[in-house]
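A.B. asks: Structure: query34.json, JSON, C-alpha atoms (C1' of nucleotides).
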```json
[["chain", "number", "residue", "atom", "x", "y", "z"],
["C", 1, "MET", "CA", -9.22, 18.80, 34.02],
["C", 2, "MET", "CA", -7.11, 17.19, 31.35],
["C", 3, "LEU", "CA", -5.91, 17.70, 27.81],
["C", 4, "ILE", "CA", -7.04, 15.53, 24.92],
["C", 5, "SER", "CA", -4.19, 13.02, 24.98],
["C", 6, "GLU", "CA", -4.73, 12.35, 28.65],
["C", 7, "PHE", "CA", -8.45, 12.04, 28.04],
["C", 8, "ALA", "CA", -7.67, 9.54, 25.30],
["C", 9, "LYS", "CA", -5.75, 7.43, 27.81],
["C", 10, "ALA", "CA", -8.51, 7.75, 30.41],
["C", 11, "THR", "CA", -11.18, 6.56, 28.00],
["C", 12, "GLY", "CA", -9.18, 4.23, 25.79],
["C", 13, "LEU", "CA", -10.39, 6.09, 22.72],
["C", 14, "PRO", "CA", -8.11, 7.31, 19.91],
["C", 15, "VAL", "CA", -7.64, 11.08, 19.81],
["C", 16, "ASP", "CA", -9.19, 11.21, 16.33],
["C", 17, "THR", "CA", -12.31, 9.48, 17.54],
["C", 18, "ILE", "CA", -12.63, 11.94, 20.41],
["C", 19, "ARG", "CA", -12.38, 14.86, 18.02],
["C", 20, "PHE", "CA", -14.93, 13.17, 15.82],
["C", 21, "TYR", "CA", -17.33, 12.94, 18.76],
["C", 22, "ILE", "CA", -16.73, 16.57, 19.63],
["C", 23, "ALA", "CA", -17.50, 17.58, 16.04],
["C", 24, "LYS", "CA", -20.76, 15.64, 16.31],
["C", 25, "GLY", "CA", -21.65, 17.35, 19.58],
["C", 26, "LEU", "CA", -21.42, 14.18, 21.66],
["C", 27, "LEU", "CA", -18.68, 15.61, 23.83],
["C", 28, "ARG", "CA", -18.38, 19.25, 24.82],
["C", 29, "PRO", "CA", -15.08, 19.99, 26.50],
["C", 30, "GLU", "CA", -14.31, 23.45, 27.79],
["C", 31, "ARG", "CA", -11.78, 25.67, 26.08],
["C", 32, "SER", "CA", -8.72, 26.59, 28.06],
["C", 33, "LEU", "CA", -7.18, 30.02, 27.73],
["C", 34, "LYS", "CA", -3.99, 28.38, 26.56],
["C", 35, "GLY", "CA", -3.36, 27.49, 22.96],
["C", 36, "GLY", "CA", -3.45, 30.90, 21.36],
["C", 37, "SER", "CA", -5.66, 31.09, 18.30],
["C", 38, "ASN", "CA", -6.62, 27.39, 18.57],
["C", 39, "ARG", "CA", -7.52, 27.19, 22.22],
["C", 40, "TYR", "CA", -6.96, 23.80, 23.84],
["C", 41, "GLN", "CA", -9.89, 21.66, 24.93],
["C", 42, "LEU", "CA", -10.19, 20.64, 28.56],
["C", 43, "PHE", "CA", -11.95, 17.48, 29.72],
["C", 44, "ASN", "CA", -13.27, 16.71, 33.17],
["C", 45, "PRO", "CA", -14.16, 13.37, 34.81],
["C", 46, "GLU", "CA", -17.79, 13.72, 33.77],
["C", 47, "ASP", "CA", -16.63, 13.70, 30.16],
["C", 48, "VAL", "CA", -14.97, 10.37, 30.86],
["C", 49, "THR", "CA", -18.27, 8.97, 32.10],
["C", 50, "ALA", "CA", -20.03, 10.43, 29.08],
["C", 51, "ALA", "CA", -17.54, 8.76, 26.75],
["C", 52, "ARG", "CA", -18.01, 5.43, 28.48],
["C", 53, "MET", "CA", -21.77, 5.74, 28.18],
["C", 54, "ILE", "CA", -21.44, 6.49, 24.48],
["C", 55, "ARG", "CA", -19.44, 3.32, 23.95],
["C", 56, "LEU", "CA", -21.88, 1.31, 26.00],
["C", 57, "GLN", "CA", -24.83, 2.54, 24.02],
["C", 58, "GLN", "CA", -23.00, 1.77, 20.82],
["C", 59, "THR", "CA", -22.55, -1.85, 21.84],
["C", 60, "LEU", "CA", -26.32, -1.91, 22.28],
["C", 61, "GLY", "CA", -26.76, -0.97, 18.66],
["C", 62, "TYR", "CA", -27.62, 2.71, 18.88],
["C", 63, "THR", "CA", -26.22, 5.06, 16.27],
["C", 64, "LEU", "CA", -24.30, 8.17, 17.26],
["C", 65, "GLY", "CA", -27.25, 10.19, 16.04],
["C", 66, "GLU", "CA", -29.61, 8.44, 18.44],
["C", 67, "ILE", "CA", -27.13, 8.74, 21.28],
["C", 68, "LEU", "CA", -26.74, 12.42, 20.54],
["C", 69, "ALA", "CA", -30.50, 12.95, 20.57],
["C", 70, "LEU", "CA", -30.76, 11.32, 23.97],
["C", 71, "ASN", "CA", -27.82, 13.35, 25.27],
["C", 72, "GLU", "CA", -29.43, 16.56, 24.11],
["C", 73, "LYS", "CA", -32.63, 15.66, 25.91],
["C", 74, "TYR", "CA", -30.62, 14.86, 29.00],
["C", 75, "ARG", "CA", -28.82, 18.19, 28.86],
["C", 76, "ALA", "CA", -32.06, 20.05, 28.19],
["C", 77, "GLY", "CA", -33.58, 18.76, 31.41],
["C", 78, "GLU", "CA", -30.41, 18.84, 33.41],
["C", 79, "HIS", "CA", -31.83, 21.21, 35.98],
["C", 80, "SER", "CA", -35.17, 19.46, 36.29],
["C", 81, "PRO", "CA", -34.90, 16.21, 38.27],
["C", 82, "GLU", "CA", -38.14, 14.99, 36.71],
["C", 83, "ARG", "CA", -36.90, 15.39, 33.16],
["C", 84, "THR", "CA", -33.61, 13.80, 34.07],
["C", 85, "ILE", "CA", -35.37, 10.81, 35.54],
["C", 86, "GLU", "CA", -37.57, 10.59, 32.47],
["C", 87, "VAL", "CA", -34.55, 10.29, 30.22],
["C", 88, "LEU", "CA", -32.82, 7.82, 32.50],
["C", 89, "GLU", "CA", -35.90, 5.63, 32.61],
["C", 90, "LEU", "CA", -36.15, 5.70, 28.86],
["C", 91, "GLN", "CA", -32.58, 4.47, 28.82],
["C", 92, "ILE", "CA", -33.38, 1.78, 31.35],
["C", 93, "GLU", "CA", -36.32, 0.62, 29.28],
["C", 94, "ARG", "CA", -34.13, 0.29, 26.20],
["C", 95, "LEU", "CA", -31.51, -1.67, 28.07],
["C", 96, "GLN", "CA", -34.11, -3.88, 29.71],
["C", 97, "HIS", "CA", -35.55, -4.65, 26.31],
["C", 98, "ARG", "CA", -32.17, -5.71, 25.00],
["C", 99, "LYS", "CA", -31.57, -7.79, 28.08],
["C", 100, "ASP", "CA", -34.84, -9.63, 27.63],
["C", 101, "ALA", "CA", -34.00, -10.48, 24.04],
["C", 102, "LEU", "CA", -30.58, -11.63, 25.15],
["C", 103, "GLU", "CA", -32.02, -13.86, 27.83],
["C", 104, "ALA", "CA", -34.43, -15.41, 25.36],
["C", 105, "ALA", "CA", -31.54, -16.19, 23.05],
["C", 106, "LEU", "CA", -29.59, -17.69, 25.93],
["C", 107, "SER", "CA", -32.54, -19.91, 26.84],
["C", 108, "PHE", "CA", -32.75, -21.04, 23.25],
["C", 109, "LEU", "CA", -29.07, -21.91, 23.04],
["C", 110, "ARG", "CA", -29.05, -23.64, 26.42],
["C", 111, "GLY", "CA", -32.14, -25.59, 25.38],
["C", 112, "LYS", "CA", -30.37, -26.65, 22.23],
["C", 113, "VAL", "CA", -27.28, -27.81, 24.11],
["C", 114, "ALA", "CA", -29.46, -29.82, 26.49],
["C", 115, "TRP", "CA", -31.32, -31.29, 23.56],
["C", 116, "ILE", "CA", -28.10, -32.43, 21.88],
["C", 117, "LYS", "CA", -26.67, -33.78, 25.12],
["C", 118, "SER", "CA", -29.80, -35.87, 25.64],
["C", 119, "GLY", "CA", -29.25, -37.49, 22.24],
["C", 120, "LYS", "CA", -31.81, -35.44, 20.30],
["C", 121, "PRO", "CA", -34.88, -37.50, 21.20],
["C", 122, "ASP", "CA", -37.49, -34.77, 21.39],
["C", 123, "PRO", "CA", -38.27, -32.22, 18.70],
["C", 124, "ALA", "CA", -35.49, -29.66, 18.37],
["C", 125, "PRO", "CA", -35.98, -26.37, 20.21],
["C", 126, "ARG", "CA", -37.47, -23.75, 17.89],
["C", 127, "LEU", "CA", -36.10, -20.22, 17.94],
["C", 128, "ASP", "CA", -39.64, -18.96, 17.38],
["C", 129, "ASP", "CA", -40.59, -20.16, 20.84],
["C", 130, "TYR", "CA", -38.27, -17.53, 22.29],
["C", 131, "GLN", "CA", -38.72, -13.79, 21.77],
["C", 132, "CYS", "CA", -35.40, -12.56, 20.46],
["S", 133, "MET", "CA", -39.05, -24.83, 0.83],
["S", 134, "MET", "CA", -39.66, -21.30, -0.34],
["S", 135, "LEU", "CA", -38.47, -18.80, -2.91],
["S", 136, "ILE", "CA", -36.54, -15.68, -2.00],
["S", 137, "SER", "CA", -39.48, -13.27, -1.76],
["S", 138, "GLU", "CA", -41.31, -15.58, 0.62],
["S", 139, "PHE", "CA", -38.11, -16.00, 2.61],
["S", 140, "ALA", "CA", -37.86, -12.22, 2.77],
["S", 141, "LYS", "CA", -41.33, -12.07, 4.29],
["S", 142, "ALA", "CA", -40.55, -14.89, 6.72],
["S", 143, "THR", "CA", -37.41, -13.18, 7.98],
["S", 144, "GLY", "CA", -38.35, -9.53, 7.57],
["S", 145, "LEU", "CA", -35.17, -8.92, 5.58],
["S", 146, "PRO", "CA", -35.07, -7.12, 2.23],
["S", 147, "VAL", "CA", -34.35, -9.34, -0.75],
["S", 148, "ASP", "CA", -31.16, -7.43, -1.48],
["S", 149, "THR", "CA", -29.87, -8.05, 2.00],
["S", 150, "ILE", "CA", -30.58, -11.75, 1.67],
["S", 151, "ARG", "CA", -28.64, -11.89, -1.57],
["S", 152, "PHE", "CA", -25.85, -9.97, 0.09],
["S", 153, "TYR", "CA", -25.69, -12.58, 2.87],
["S", 154, "ILE", "CA", -25.68, -15.37, 0.32],
["S", 155, "ALA", "CA", -22.79, -13.72, -1.52],
["S", 156, "LYS", "CA", -20.91, -13.57, 1.80],
["S", 157, "GLY", "CA", -21.60, -17.23, 2.48],
["S", 158, "LEU", "CA", -23.79, -16.60, 5.50],
["S", 159, "LEU", "CA", -26.78, -18.28, 3.90],
["S", 160, "ARG", "CA", -26.59, -21.25, 1.55],
["S", 161, "PRO", "CA", -29.94, -21.97, -0.05],
["S", 162, "GLU", "CA", -30.35, -24.91, -2.40],
["S", 163, "ARG", "CA", -30.80, -24.42, -6.11],
["S", 164, "SER", "CA", -34.10, -25.50, -7.57],
["S", 165, "LEU", "CA", -34.32, -26.99, -11.04],
["S", 166, "LYS", "CA", -36.58, -24.14, -12.04],
["S", 167, "GLY", "CA", -35.29, -20.85, -13.31],
["S", 168, "GLY", "CA", -33.50, -21.98, -16.44],
["S", 169, "SER", "CA", -29.95, -20.69, -16.72],
["S", 170, "ASN", "CA", -30.24, -18.76, -13.44],
["S", 171, "ARG", "CA", -31.61, -21.47, -11.21],
["S", 172, "TYR", "CA", -33.83, -20.21, -8.41],
["S", 173, "GLN", "CA", -32.71, -20.47, -4.82],
["S", 174, "LEU", "CA", -34.76, -22.46, -2.33],
["S", 175, "PHE", "CA", -34.85, -21.72, 1.39],
["S", 176, "ASN", "CA", -35.97, -24.04, 4.16],
["S", 177, "PRO", "CA", -37.10, -23.27, 7.73],
["S", 178, "GLU", "CA", -33.57, -23.79, 9.05],
["S", 179, "ASP", "CA", -32.46, -20.92, 6.87],
["S", 180, "VAL", "CA", -35.05, -18.76, 8.59],
["S", 181, "THR", "CA", -33.56, -19.65, 11.96],
["S", 182, "ALA", "CA", -30.08, -18.98, 10.59],
["S", 183, "ALA", "CA", -31.16, -15.55, 9.38],
["S", 184, "ARG", "CA", -32.69, -14.72, 12.73],
["S", 185, "MET", "CA", -29.50, -15.78, 14.50],
["S", 186, "ILE", "CA", -27.46, -13.56, 12.20],
["S", 187, "ARG", "CA", -29.58, -10.55, 13.09],
["S", 188, "LEU", "CA", -29.39, -11.36, 16.76],
["S", 189, "GLN", "CA", -25.63, -11.62, 16.68],
["S", 190, "GLN", "CA", -25.46, -8.34, 14.83],
["S", 191, "THR", "CA", -27.38, -6.58, 17.57],
["S", 192, "LEU", "CA", -24.71, -7.91, 19.91],
["S", 193, "GLY", "CA", -22.06, -6.10, 17.94],
["S", 194, "TYR", "CA", -20.51, -8.88, 15.91],
["S", 195, "THR", "CA", -19.48, -8.20, 12.34],
["S", 196, "LEU", "CA", -20.70, -10.39, 9.49],
["S", 197, "GLY", "CA", -17.13, -11.66, 9.20],
["S", 198, "GLU", "CA", -17.16, -12.90, 12.79],
["S", 199, "ILE", "CA", -20.61, -14.38, 12.41],
["S", 200, "LEU", "CA", -19.50, -16.15, 9.26],
["S", 201, "ALA", "CA", -16.45, -17.59, 11.01],
["S", 202, "LEU", "CA", -18.63, -18.99, 13.77],
["S", 203, "ASN", "CA", -21.10, -20.40, 11.24],
["S", 204, "GLU", "CA", -18.31, -22.13, 9.38],
["S", 205, "LYS", "CA", -17.12, -23.72, 12.59],
["S", 206, "TYR", "CA", -20.65, -24.79, 13.34],
["S", 207, "ARG", "CA", -21.05, -26.36, 9.92],
["S", 208, "ALA", "CA", -17.65, -28.03, 10.13],
["S", 209, "GLY", "CA", -18.67, -29.87, 13.28],
["S", 210, "GLU", "CA", -22.24, -30.42, 12.29],
["S", 211, "HIS", "CA", -21.97, -34.17, 12.49],
["S", 212, "SER", "CA", -20.03, -34.21, 15.75],
["S", 213, "PRO", "CA", -22.24, -33.43, 18.75],
["S", 214, "GLU", "CA", -19.19, -32.47, 20.78],
["S", 215, "ARG", "CA", -18.01, -29.86, 18.31],
["S", 216, "THR", "CA", -21.52, -28.54, 17.95],
["S", 217, "ILE", "CA", -21.82, -28.13, 21.69],
["S", 218, "GLU", "CA", -18.43, -26.46, 21.78],
["S", 219, "VAL", "CA", -19.56, -23.80, 19.33],
["S", 220, "LEU", "CA", -22.89, -23.33, 21.07],
["S", 221, "GLU", "CA", -21.17, -22.85, 24.40],
["S", 222, "LEU", "CA", -18.82, -20.31, 22.91],
["S", 223, "GLN", "CA", -21.91, -18.46, 21.73],
["S", 224, "ILE", "CA", -23.47, -18.73, 25.16],
["S", 225, "GLU", "CA", -20.33, -17.35, 26.75],
["S", 226, "ARG", "CA", -20.38, -14.34, 24.43],
["S", 227, "LEU", "CA", -24.00, -13.65, 25.15],
["S", 228, "GLN", "CA", -23.54, -14.08, 28.86],
["S", 229, "HIS", "CA", -20.70, -11.58, 28.77],
["S", 230, "ARG", "CA", -22.88, -9.01, 27.03],
["S", 231, "LYS", "CA", -25.68, -9.67, 29.47],
["S", 232, "ASP", "CA", -23.39, -9.06, 32.44],
["S", 233, "ALA", "CA", -22.25, -5.74, 31.02],
["S", 234, "LEU", "CA", -25.83, -4.81, 30.37],
["S", 235, "GLU", "CA", -26.86, -5.65, 33.90],
["S", 236, "ALA", "CA", -24.04, -3.56, 35.30],
["S", 237, "ALA", "CA", -25.19, -0.62, 33.24],
["S", 238, "LEU", "CA", -28.75, -1.14, 34.41],
["S", 239, "SER", "CA", -27.61, -1.14, 38.01],
["S", 240, "PHE", "CA", -25.73, 2.08, 37.42],
["S", 241, "LEU", "CA", -28.72, 3.80, 35.85],
["S", 242, "ARG", "CA", -31.13, 2.55, 38.50],
["S", 243, "GLY", "CA", -28.71, 3.71, 41.17],
["S", 244, "LYS", "CA", -28.60, 7.11, 39.58],
["S", 245, "VAL", "CA", -32.39, 7.38, 39.44],
["S", 246, "ALA", "CA", -32.61, 6.40, 43.11],
["S", 247, "TRP", "CA", -29.94, 8.93, 43.95],
["S", 248, "ILE", "CA", -31.81, 11.75, 42.22],
["S", 249, "LYS", "CA", -35.14, 10.71, 43.73],
["S", 250, "SER", "CA", -33.61, 10.85, 47.18],
["S", 251, "GLY", "CA", -32.58, 14.45, 46.59],
["S", 252, "LYS", "CA", -28.90, 13.79, 45.78],
["S", 253, "PRO", "CA", -27.64, 13.66, 49.35],
["S", 254, "ASP", "CA", -24.93, 11.03, 48.97],
["S", 255, "PRO", "CA", -22.10, 11.07, 46.47],
["S", 256, "ALA", "CA", -23.33, 10.39, 42.93],
["S", 257, "PRO", "CA", -23.04, 6.82, 41.69],
["S", 258, "ARG", "CA", -19.83, 6.32, 39.72],
["S", 259, "LEU", "CA", -19.90, 4.38, 36.47],
["S", 260, "ASP", "CA", -16.49, 2.98, 37.36],
["S", 261, "ASP", "CA", -18.05, 1.04, 40.21],
["S", 262, "TYR", "CA", -19.91, -1.06, 37.66],
["S", 263, "GLN", "CA", -18.22, -3.28, 35.06],
["S", 264, "CYS", "CA", -19.69, -2.20, 31.77],
["L", 265, "DT", "C1'", -49.70, -14.99, -26.21],
["L", 266, "DA", "C1'", -48.93, -10.62, -24.17],
["L", 267, "DT", "C1'", -47.65, -8.92, -19.90],
["L", 268, "DA", "C1'", -46.84, -8.37, -15.20],
["L", 269, "DA", "C1'", -44.37, -10.24, -11.51],
["L", 270, "DG", "C1'", -40.55, -12.74, -9.82],
["L", 271, "DT", "C1'", -35.51, -14.32, -10.04],
["L", 272, "DG", "C1'", -30.47, -14.05, -11.13],
["L", 273, "DT", "C1'", -25.86, -11.55, -11.82],
["L", 274, "DG", "C1'", -22.72, -7.80, -11.70],
["L", 275, "DG", "C1'", -21.53, -3.45, -10.37],
["L", 276, "DA", "C1'", -22.15, 1.27, -8.67],
["L", 277, "DG", "C1'", -23.68, 4.18, -4.85],
["L", 278, "DT", "C1'", -24.84, 5.39, 0.15],
["L", 279, "DG", "C1'", -24.50, 6.29, 5.14],
["L", 280, "DC", "C1'", -22.08, 5.55, 9.15],
["L", 281, "DA", "C1'", -18.16, 5.58, 12.09],
["L", 282, "DC", "C1'", -14.16, 6.14, 12.08],
["L", 283, "DT", "C1'", -9.03, 6.96, 10.50],
["L", 284, "DC", "C1'", -5.39, 9.37, 8.47],
["L", 285, "DC", "C1'", -3.01, 13.12, 6.71],
["L", 286, "DA", "C1'", -1.41, 18.17, 5.72],
["L", 287, "DG", "C1'", -0.68, 22.46, 7.35],
["L", 288, "DG", "C1'", -0.14, 25.50, 11.00],
["L", 289, "DG", "C1'", 0.02, 27.10, 15.82],
["L", 290, "DT", "C1'", 1.73, 26.47, 21.00],
["L", 291, "DC", "C1'", 4.38, 24.98, 24.91],
["L", 292, "DA", "C1'", 8.13, 23.00, 27.95],
["L", 293, "DA", "C1'", 12.86, 21.49, 28.30],
["L", 294, "DG", "C1'", 17.54, 22.24, 27.55],
["M", 295, "DC", "C1'", 15.93, 30.06, 20.85],
["M", 296, "DT", "C1'", 15.73, 25.69, 18.96],
["M", 297, "DT", "C1'", 13.69, 21.24, 19.13],
["M", 298, "DG", "C1'", 10.37, 17.90, 20.04],
["M", 299, "DA", "C1'", 5.97, 16.91, 21.83],
["M", 300, "DC", "C1'", 1.36, 18.58, 21.87],
["M", 301, "DC", "C1'", -2.66, 21.03, 20.14],
["M", 302, "DC", "C1'", -6.05, 22.80, 16.44],
["M", 303, "DT", "C1'", -8.84, 22.68, 11.87],
["M", 304, "DG", "C1'", -10.26, 20.93, 7.48],
["M", 305, "DG", "C1'", -10.60, 17.53, 4.32],
["M", 306, "DA", "C1'", -9.70, 13.13, 2.09],
["M", 307, "DG", "C1'", -9.82, 8.10, 2.49],
["M", 308, "DT", "C1'", -11.39, 3.44, 4.43],
["M", 309, "DG", "C1'", -14.19, -0.60, 5.76],
["M", 310, "DC", "C1'", -18.54, -2.30, 6.65],
["M", 311, "DA", "C1'", -23.24, -3.31, 5.70],
["M", 312, "DC", "C1'", -26.18, -2.57, 3.06],
["M", 313, "DT", "C1'", -29.09, -0.51, -1.04],
["M", 314, "DC", "C1'", -30.08, 0.48, -5.63],
["M", 315, "DC", "C1'", -29.88, -0.03, -10.36],
["M", 316, "DA", "C1'", -29.61, -2.16, -15.30],
["M", 317, "DC", "C1'", -30.17, -5.96, -17.85],
["M", 318, "DA", "C1'", -31.53, -10.60, -18.94],
["M", 319, "DC", "C1'", -34.24, -14.64, -18.11],
["M", 320, "DT", "C1'", -38.40, -17.42, -16.25],
["M", 321, "DT", "C1'", -42.90, -18.11, -14.61],
["M", 322, "DA", "C1'", -47.75, -17.20, -13.52],
["M", 323, "DT", "C1'", -51.98, -14.73, -14.90],
["M", 324, "DA", "C1'", -55.45, -12.89, -18.01]]
```
With the file now loaded, output its structure as structure tokens.
C.D. replies:
Amino acid sequence: MMLISEFAKATGLPVDTIRFYIAKGLLRPERSLKGGSNRYQLFNPEDVTAARMIRLQQTLGYTLGEILALNEKYRAGEHSPERTIEVLELQIERLQHRKDALEAALSFLRGKVAWIKSGKPDPAPRLDDYQC
Amino acid sequence: MMLISEFAKATGLPVDTIRFYIAKGLLRPERSLKGGSNRYQLFNPEDVTAARMIRLQQTLGYTLGEILALNEKYRAGEHSPERTIEVLELQIERLQHRKDALEAALSFLRGKVAWIKSGKPDPAPRLDDYQC
DNA sequence: TATAAGTGTGGAGTGCACTCCAGGGTCAAG
DNA sequence: CTTGACCCTGGAGTGCACTCCACACTTATA
């Protein structure tokens, strides 16, 4: 259990960004009894994982809205292993899709390097031949 | 050689977005003699590839500014195979890095699914154990 | 030759994801 | 009991990547 500044250090996120995520519903820290009228927020290690997953998904091009939707689904089925697995496998599918596109692009670029190194004798590699 | 609306169809990008990229210097179509005072822009198949590469890089999280910088470098060394290869390999490195992170995340998620399917006997998989 | 469809420029507006206050409360150290 | 370091909320501002006009010109079609 940690306060927001410590959580910021643990995740590498600015405090303002964390508050922004909380406002969006992406993070849901508990409220400590301390802090009087504005009770302090308390974060646990799971929140750290959640924050890291948010950032990861962002690098994959998902908007915070999409990430939130998936999170909600995840929370909704939290007590049903089947639902949980469903959501996780949806995630996996998404990531796999991105990975495939990435690999195609890598093949294309490597093909191009090889083509240049061989003195450009053959027709140039076409991006269309790879599914990116 | 095609006009902007045909190029839009070929790339799947809206015309406005294409013009936006041109204004940023990301695309550099030729100018046809047609079109009177506002000479029409002409796109060739290489421009289609360029556009597709821009979109790909965007999905990998690069800003248009970064993509532009790389493009400039590419153009600067266009007539030197060594420089061209240098830029391509920088690209490959970037992509490889993203792919590694993606694979780590996939391992994590697959591990978690396996852990749930086995009835959660062992300690839960920790995201920290994977480099994402 | 009218007219619809396409092209160009310049500039304003939009949505997203932050980022930065201002104003006010709380807590721990000295 | 003051002082400095935290914490909270609400709201304004920023940068990016579009997106949407308004207006003027050109070209293809009937």
A.B. asks: Tell me, counting all atoms listed in the file, for each residue of chain S within 8 Å of chain L, which pair of atoms is nearest and how far apart they are in Å to one decimal, in rows ordered by chain and increasing number, as CSV.
C.D. replies:
```
residue,atom,partner,partner_atom,distance
S:Gly167,CA,L:DT271,C1',7.3
S:Asn170,CA,L:DG272,C1',5.3
S:Arg171,CA,L:DG272,C1',7.5
S:Tyr172,CA,L:DT271,C1',6.3
```
A.B. asks: In Å to one decimal, how far is atom CA of Glu46 of chain C from atom CA of Gly251 of chain S?
C.D. replies: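 Interatomic distance here is 19.6 Å.
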A.B. asks: Tell me which protein, DNA and RNA residues are within 10 Å of Glu235 of chain S, counting all atoms listed in the file, leaving out same-chain ones fewer than 2 positions away, and put them as a PyMOL selection string.
C.D. replies: (chain C and resi 95-96+99) or (chain S and resi 229-233+237-241+262-264)
A.B. asks: Could you work out which residues of chain S fall inside 12 Å of chain M? Count all atoms listed in the file, and format the result as a PyMOL selection string.
C.D. replies: chain S and resi 145-153+156+165-172+190+194-197
A.B. asks: Name the closest residue to chain S among the candidates C:Glu66, C:Asp122, C:Asp47, C:Glu6; distances are taken between atoms, counting all atoms listed in the file.
C.D. replies: C:Asp47
A.B. asks: Quick one: contact table of chain C to chain S, 7 Å max, nearest atom pair and distance in Å to one decimal per residue, counting all atoms listed in the file, chain and number order, as a tab-separated table?
C.D. replies:
```
residue	atom	partner	partner_atom	distance
C:Thr49	CA	S:Leu259	CA	6.5
C:Thr59	CA	S:Gly193	CA	5.8
C:Leu60	CA	S:Leu192	CA	6.6
C:Gly61	CA	S:Thr191	CA	5.7
C:Pro81	CA	S:Ile248	CA	6.7
C:Ile85	CA	S:Val245	CA	6.0
C:Leu88	CA	S:Leu241	CA	6.6
C:Ile92	CA	S:Leu238	CA	6.3
C:Leu95	CA	S:Leu234	CA	6.9
C:Lys99	CA	S:Lys231	CA	6.3
C:Leu102	CA	S:Lys231	CA	6.8
C:Leu106	CA	S:Ile224	CA	6.3
C:Leu109	CA	S:Leu220	CA	6.6
C:Val113	CA	S:Ile217	CA	6.0
C:Ile116	CA	S:Pro213	CA	6.7
C:Leu127	CA	S:Thr181	CA	6.5
```
A.B. asks: Residues within 8 Å of Tyr74 of chain C, please, as a VMD selection string. Count only C-alpha atoms (C1' of nucleotides); anything in the same chain fewer than 2 positions from it doesn't count.
C.D. replies: chain C and resid 70 to 72 76 to 78 83 to 84 87
A.B. asks: One number please: atom CA of Ile54 of chain C to atom CA of Ile67 of chain C, in Å, one decimal.
C.D. replies: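 Going from atom CA of Ile54 of chain C over to atom CA of Ile67 of chain C, I get 6.9 Å.
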A.B. asks: For Ser164 of chain S, which residue out of S:Leu135, S:Gly144, S:Ser212, S:Arg207 is the nearest one, using only C-alpha atoms?
C.D. replies: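 Closest candidate: S:Leu135.
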A.B. asks: Find the distance between atom CA of Lys205 of chain S and atom CA of Ser118 of chain C and write it in Å to one decimal.
C.D. replies: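 Rounded to one decimal, the two atoms are 21.9 Å apart.
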A.B. asks: Can you patch up segment 3-15 of chain C, filling it in to N, CA and C atoms, and show the result as a PDB file, in the coordinates of the input?
C.D. replies:
```pdb
ATOM      1  N   LEU C   3      -6.023  17.437  29.247  1.00  0.00           N
ATOM      2  CA  LEU C   3      -5.910  17.700  27.810  1.00  0.00           C
ATOM      3  C   LEU C   3      -6.330  16.449  27.036  1.00  0.00           C
ATOM      4  N   ILE C   4      -6.447  16.610  25.721  1.00  0.00           N
ATOM      5  CA  ILE C   4      -7.040  15.530  24.920  1.00  0.00           C
ATOM      6  C   ILE C   4      -6.260  14.212  24.957  1.00  0.00           C
ATOM      7  N   SER C   5      -4.949  14.278  24.992  1.00  0.00           N
ATOM      8  CA  SER C   5      -4.190  13.020  24.980  1.00  0.00           C
ATOM      9  C   SER C   5      -4.385  12.264  26.283  1.00  0.00           C
ATOM     10  N   GLU C   6      -4.497  13.000  27.364  1.00  0.00           N
ATOM     11  CA  GLU C   6      -4.730  12.350  28.650  1.00  0.00           C
ATOM     12  C   GLU C   6      -6.147  11.769  28.680  1.00  0.00           C
ATOM     13  N   PHE C   7      -7.058  12.510  28.123  1.00  0.00           N
ATOM     14  CA  PHE C   7      -8.450  12.040  28.040  1.00  0.00           C
ATOM     15  C   PHE C   7      -8.517  10.752  27.208  1.00  0.00           C
ATOM     16  N   ALA C   8      -7.727  10.720  26.151  1.00  0.00           N
ATOM     17  CA  ALA C   8      -7.670   9.540  25.300  1.00  0.00           C
ATOM     18  C   ALA C   8      -7.225   8.321  26.117  1.00  0.00           C
ATOM     19  N   LYS C   9      -6.232   8.533  26.967  1.00  0.00           N
ATOM     20  CA  LYS C   9      -5.750   7.430  27.810  1.00  0.00           C
ATOM     21  C   LYS C   9      -6.833   7.017  28.800  1.00  0.00           C
ATOM     22  N   ALA C  10      -7.493   8.014  29.387  1.00  0.00           N
ATOM     23  CA  ALA C  10      -8.510   7.750  30.410  1.00  0.00           C
ATOM     24  C   ALA C  10      -9.701   6.966  29.853  1.00  0.00           C
ATOM     25  N   THR C  11      -9.995   7.196  28.586  1.00  0.00           N
ATOM     26  CA  THR C  11     -11.180   6.560  28.000  1.00  0.00           C
ATOM     27  C   THR C  11     -10.821   5.360  27.127  1.00  0.00           C
ATOM     28  N   GLY C  12      -9.565   5.301  26.701  1.00  0.00           N
ATOM     29  CA  GLY C  12      -9.180   4.230  25.790  1.00  0.00           C
ATOM     30  C   GLY C  12      -9.553   4.507  24.348  1.00  0.00           C
ATOM     31  N   LEU C  13     -10.009   5.729  24.084  1.00  0.00           N
ATOM     32  CA  LEU C  13     -10.390   6.090  22.720  1.00  0.00           C
ATOM     33  C   LEU C  13      -9.237   6.789  22.002  1.00  0.00           C
ATOM     34  N   PRO C  14      -9.112   6.583  20.686  1.00  0.00           N
ATOM     35  CA  PRO C  14      -8.110   7.310  19.910  1.00  0.00           C
ATOM     36  C   PRO C  14      -8.457   8.808  19.891  1.00  0.00           C
ATOM     37  N   VAL C  15      -7.439   9.628  19.840  1.00  0.00           N
ATOM     38  CA  VAL C  15      -7.640  11.080  19.810  1.00  0.00           C
ATOM     39  C   VAL C  15      -8.565  11.481  18.658  1.00  0.00           C
TER      40      VAL C  15
END
```
